[in-house]
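A short write-up of the structure that comes next.
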Amino acid sequence: MMFVPCELALAVCAVIFLEHGVSKLHTKQRVCIIILAALLLPAVAQAGVATSFELPDTGYISNVVIDIIEHNGGVWFATGDGLNFSFDDGETWLSYDNTNGLVSSSITGLYSVNAGGSDNRIWIASTHEEEFDGELFILSDGLSYSDDDGDQWNRINFGPDGLDIPFVWGGDRTIFDITGHHDEGDPTDDWMFFTAFAGGFLASRDGGMSWRRIYPSVGDSIQFNTPNVAPSFRNRYFSCVADTSHGDSLFVWAGTAGGFFQFVYAIPSEKPFSEYISRIVYCDTCPGEDSNFVYFAGDAGFTRSTKTGGPFISRFEADGLPGPSLISMIDFGGKLFAGTINPADSSSAGMAESSDFGDSFASNTSFPATGLNRRILDFTAIGDRLYAAAEQAGLYVSGDTGQTWSHILVDSTDDVSLWNDVNAVHAWGDTLLVGTDTGLAQLLMDGSGNFQSSQTRFTSLIEDDSSSTRVVRIKTHEFQGNEVIWTINRPLTGSGTPVVSRSDDHGQTFSTRQWGVITHDINFFGDTTFVVGEEGIRFTPDDRNPGSDEFWILYIREVSDGEVIDSLIADTITAMEILGDTIFLGTGRGYAVSFDHGEHYDIRRPNRDTLGADLVLHYSSSIAGLLGDFIPALEVQYLPDTSARVWVSNRPAAAGRFGISVGRIDLAWRYFEDTTGAVVDSEFIQLYNWDSVYHDFAWNFAFNGDTVFAATDGGLIFAEGDSLLAGVLGWDTLQLVDSLGFSLVLEGTPVYAVQIIDGFLWVGTGDRTVRIRLDDFEDQSAFFVVDPVDEVYAFPVPFSHSLDQAVEFHFVVEEETNVTLEIYDFAMNLVRRVIDNQLFPPGIYPTAGTGRRTWDGLNGKGDQVAVGVYYFKVEYSGGEVRWGKLAVIP
């Protein structure tokens, strides 16, 4: 029998509490429970020394189970004495600990991948104890995994000679929870996450082979990584769960000591994915609600949004685009046309075409120009004719919505003239403005849309510097009753200078300004002209000559709660489109949108970080229905024909109180207003509403359809979710009793774990584990540790009055006999007779139900006994006597 003095047991907990501060008194309760169970329960069956690290030991190993999962058809327990598992519903048990394969025996987290990507891999987190300067500390071992039910264990190396991720191993880094999601649509996409208390929140997308710490915000990253500063409450993580109820998007909920976070991961096809935006196009021909579409051509493909900012779709080569990057686009004749390129050499990959507003694409194989120096740089339309500018391939026209194409020579007198190298096109009434390598050409069309070569006007924009005559963008604008033509020029050689030109005499002459920086687009609002490029946004409110000093700089900032959270000051602006009060700006790092004529901007950066969330939301006790900021447990309840529910266990930290909350998605309208306050658009959005449904916290949750089970310090409670949320029915406590009505666990025993596996409800408690048939709650079986040797002992030791505990006694009856059990004080005075000459059949006691005999710490008069050491005597009717010892603490 092992006896641990109460001073040592209390010291273990004190070290844990002091290590993390008084304000964290509750945050390590689970670990303290594990350690106390291992230290205070005497003669718990230990695994024998294995002859090989490839074979598990047999037997049930611990009465305290803190986590239960299903893996590979079996039930697996996390305990302070190792990993226990059974493949036959508990008929036989196998185990691993630090003697036969595990780094350590104290298991703090479990996770199973039961879908092909990682070959049914099981993950465990563990800790061990080390003594420093006479004090006992708990150190994290990180993660280990097995692909063969434990025959071989592999430890992830977070050290400097491995992944080199600090603060995963060592003190204050216990991994409390592991979650993940295997994407069946992409077998290589195996998400995993774990919470490491003061070690933060880590993520992997390759099944756990590589990891990275992730943060809800830049501020949280700075706080966590500041030297010699303890992690904030928001950076102390305890619980996490993956939520796959939102289509192809993955939600991950992570609980901290400062509330919990919702990390949203959208797949590339459901979010903006391009960084460099070449063109922004409004859908002018879209009918009905689709008229709200806006299209983006970018370096990573095509993106469609709405004029109010979402939802998004993105399309790539896999969706029919002939090339990975888009550089031009037009909505014409009920179709969407785009020029694509190969970024490696900037060669044309061909023309893309969509007939369903960008949902899918195909290559327009009738367009003849592909390859180097044949990029489709621009589109425009006059009437039913569509024009495309294709660099050295020249100018093309289609009169049948892209089915066939014809080549047009801008300069029909010389087919190798630079006037036939076309970079830009723009419709100006019945005139086609063509930007070439030599300047601007004006092609007049007759009523049938035919080109009148005799009416062509050629304007070389900078006659004294032919290196800057390449026109790459053309825009027209009516100013005070006069048509103004604007062009953006590029130098033909390295000696030239980028130029913006303006003509107010129908293109006969142009005024220029040599900016020395690249300009990408021009747009207009009323009399104001905007010129955007590497210098950001320059504008003139009265359409003045761009060579004057009256061009001003516009600074774009996104402001929230009075603070600037992003800006475009350092960005290259690549495109600009204005429609009413709505302004879209394309940049080299995403885009910005304003719905109120530029008063406020929303800047949206594409997220190509494979582990960075696309959206992070924070929830705390300041939100109605959420009670506490310390979140020890989170779980998702999946329901048919309705949205999933998110169950949250709440405890107080810096704020809040105990309780259980549940979140549900509600659909609501979001309205967009213009500068006058008038509603200009609206969209359906998803919001989580939270309800407080219980007054105490939970360690774990499990679900059977609409029924929720919660493992709490007060026992196993359950409720019907719909009735609970409707206020019709409340919670019930599931009594853990045998068929005769006798308790299977000690009164007041907390429940730490609950899980449903193959028709059974498994319940892990601080006393033993109970298995319950889901279709018959009265069919219950208990699993607990017994010592096969014929000694006697009491447990738990030490015993505390203040915890309302009761002491049980272990003894062995080899053949039927009467047993008497008496308790004596240190002076050997009789204190209480617990068993009085009662007949016992052969067996190892205590057993479930009738065989359990406990002492409540009272003497024969019903008074509490004094603190101290006591002895107990087990006397058999055959004359055999055995003694044991126990301790009573306050």
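Here, A, B, ... name the chains of the structure tokens in the order displayed, residue numbers run from 1 inside each chain, and ligands are numbered from 1 in the same displayed order.
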
Open item on the list: I need the strand (DSSP E) residues of segment 86-240 of chain A per DSSP on the backbone, written as a VMD selection string.
Closed with: chain A and resid 86 94 to 96 106 to 113 121 to 132 135 to 146 154 to 155 170 to 171 177 to 182 190 to 195 201 to 204 212 to 214 237 to 240

Task: All residues 8 Å or closer to Ser620 of chain A, only C-alpha atoms, same chain fewer than 4 positions away omitted, as a ChimeraX atom specification - done: /A:258-260,626-629

Task: Contacts of Glu635 of chain A at 10 Å (only C-alpha atoms; same-chain gap of 4+ positions) as a ChimeraX atom specification - done: /A:239-243,253,645-649,662,700-703

Could you dump the residues just selected with C-alpha atoms as a PDB file, in the first residue's frame?
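In the end it all went to again-v2.pdb:
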```pdb
ATOM      1  CA  SER A 239     -10.151  24.316 -25.124  1.00  0.00           C
ATOM      2  CA  CYS A 240     -10.748  24.039 -28.852  1.00  0.00           C
ATOM      3  CA  VAL A 241     -13.123  22.346 -31.274  1.00  0.00           C
ATOM      4  CA  ALA A 242     -13.417  22.251 -35.067  1.00  0.00           C
ATOM      5  CA  ASP A 243     -16.824  23.156 -36.501  1.00  0.00           C
ATOM      6  CA  TRP A 253     -13.548  27.696 -31.651  1.00  0.00           C
ATOM      7  CA  ARG A 645     -25.070  24.647 -31.824  1.00  0.00           C
ATOM      8  CA  VAL A 646     -21.927  25.697 -30.002  1.00  0.00           C
ATOM      9  CA  TRP A 647     -21.815  24.760 -26.305  1.00  0.00           C
ATOM     10  CA  VAL A 648     -19.586  26.834 -24.065  1.00  0.00           C
ATOM     11  CA  SER A 649     -18.475  26.150 -20.490  1.00  0.00           C
ATOM     12  CA  VAL A 662     -25.173  27.708 -26.075  1.00  0.00           C
ATOM     13  CA  ASN A 700     -16.998  18.127 -21.260  1.00  0.00           C
ATOM     14  CA  PHE A 701     -20.069  17.725 -23.477  1.00  0.00           C
ATOM     15  CA  ALA A 702     -21.539  14.882 -25.510  1.00  0.00           C
ATOM     16  CA  PHE A 703     -24.620  14.688 -27.730  1.00  0.00           C
TER      17      PHE A 703
END
```

TODO: For segment 530-541 of chain A, work out the shell of residues within 10 Å, counting only C-alpha atoms and skipping chain neighbours fewer than 5 positions away, then give it as number ranges by chain.
DONE: A: 486, 488, 500, 515-525, 546, 548-556, 568-576, 585-588

- [ ] Measuring atom to atom with only C-alpha atoms, identify which of A:His810, A:Ala710, A:Val754, A:Val865 is nearest to Ile68 of chain A.
- [x] A:Val754

Task: Separation of atom CA of Val745 of chain A from atom CA of Asp767 of chain A, in Å and rounded to one decimal - done: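 Atom CA of Val745 of chain A sits 6.0 Å away from atom CA of Asp767 of chain A.
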
- [ ] Tell me, as a list in words, which residues lie within 7 Å of Ile382 of chain A, counting only C-alpha atoms; anything in the same chain fewer than 2 positions away does not count.
- [x] Asp384, Arg385, Leu386, Ala427 and Asp430 of chain A

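Residues with any atom within 9 Å of Gly730 of chain A, counting only C-alpha atoms and excluding same-chain neighbours fewer than 6 positions away, are Val693, Tyr694, Phe718, Ala719, Glu720, Ser723 and Leu724 of chain A.
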
Those residues you just picked out, can you put them in a file as a PDB file, in the first residue's frame with C-alpha atoms?
```pdb
ATOM      1  CA  VAL A 693     -28.780  27.614 -19.813  1.00  0.00           C
ATOM      2  CA  TYR A 694     -27.088  26.400 -16.586  1.00  0.00           C
ATOM      3  CA  PHE A 718     -28.599  16.109 -19.510  1.00  0.00           C
ATOM      4  CA  ALA A 719     -31.380  17.948 -21.304  1.00  0.00           C
ATOM      5  CA  GLU A 720     -33.289  18.054 -24.564  1.00  0.00           C
ATOM      6  CA  SER A 723     -36.997  22.111 -24.906  1.00  0.00           C
ATOM      7  CA  LEU A 724     -34.175  23.645 -22.905  1.00  0.00           C
TER       8      LEU A 724
END
```

Task: atom CA of Ser800 of chain A to atom CA of Trp699 of chain A, straight-line distance in Å - done: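 Atom-to-atom, atom CA of Trp699 of chain A and atom CA of Ser800 of chain A are spaced 22.8 Å apart.
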
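Between Phe742 of chain A and the residues A:Thr459, A:Ser62, A:Asn342, A:Ser781, the shortest atom-to-atom distance, using only C-alpha atoms, involves A:Ser781.
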
Task: Proximity to Asp602 of chain A - best of A:Ser354, A:Thr582, A:Gln780, A:Ser621, only C-alpha atoms - done: A:Thr582

- [ ] as a list in words, please: all residues of segment 581-740 of chain A that backbone DSSP puts in alpha helix (DSSP H).
- [x]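 So the alpha helix (DSSP H) residues in segment 581-740 of chain A would be Gly721, Asp722, Ser723, Leu724, Leu725 and Ala726 of chain A.
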
Since we have the selection now, will you write its residues out, keeping C-alpha atoms, as a PDB file, in the first residue's frame?
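File selection.pdb, as written:
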```pdb
ATOM      1  CA  GLY A 721     -31.807  20.995 -26.432  1.00  0.00           C
ATOM      2  CA  ASP A 722     -34.954  22.330 -28.103  1.00  0.00           C
ATOM      3  CA  SER A 723     -36.997  22.111 -24.906  1.00  0.00           C
ATOM      4  CA  LEU A 724     -34.175  23.645 -22.905  1.00  0.00           C
ATOM      5  CA  LEU A 725     -33.805  26.624 -25.223  1.00  0.00           C
ATOM      6  CA  ALA A 726     -37.579  27.065 -25.401  1.00  0.00           C
TER       7      ALA A 726
END
```
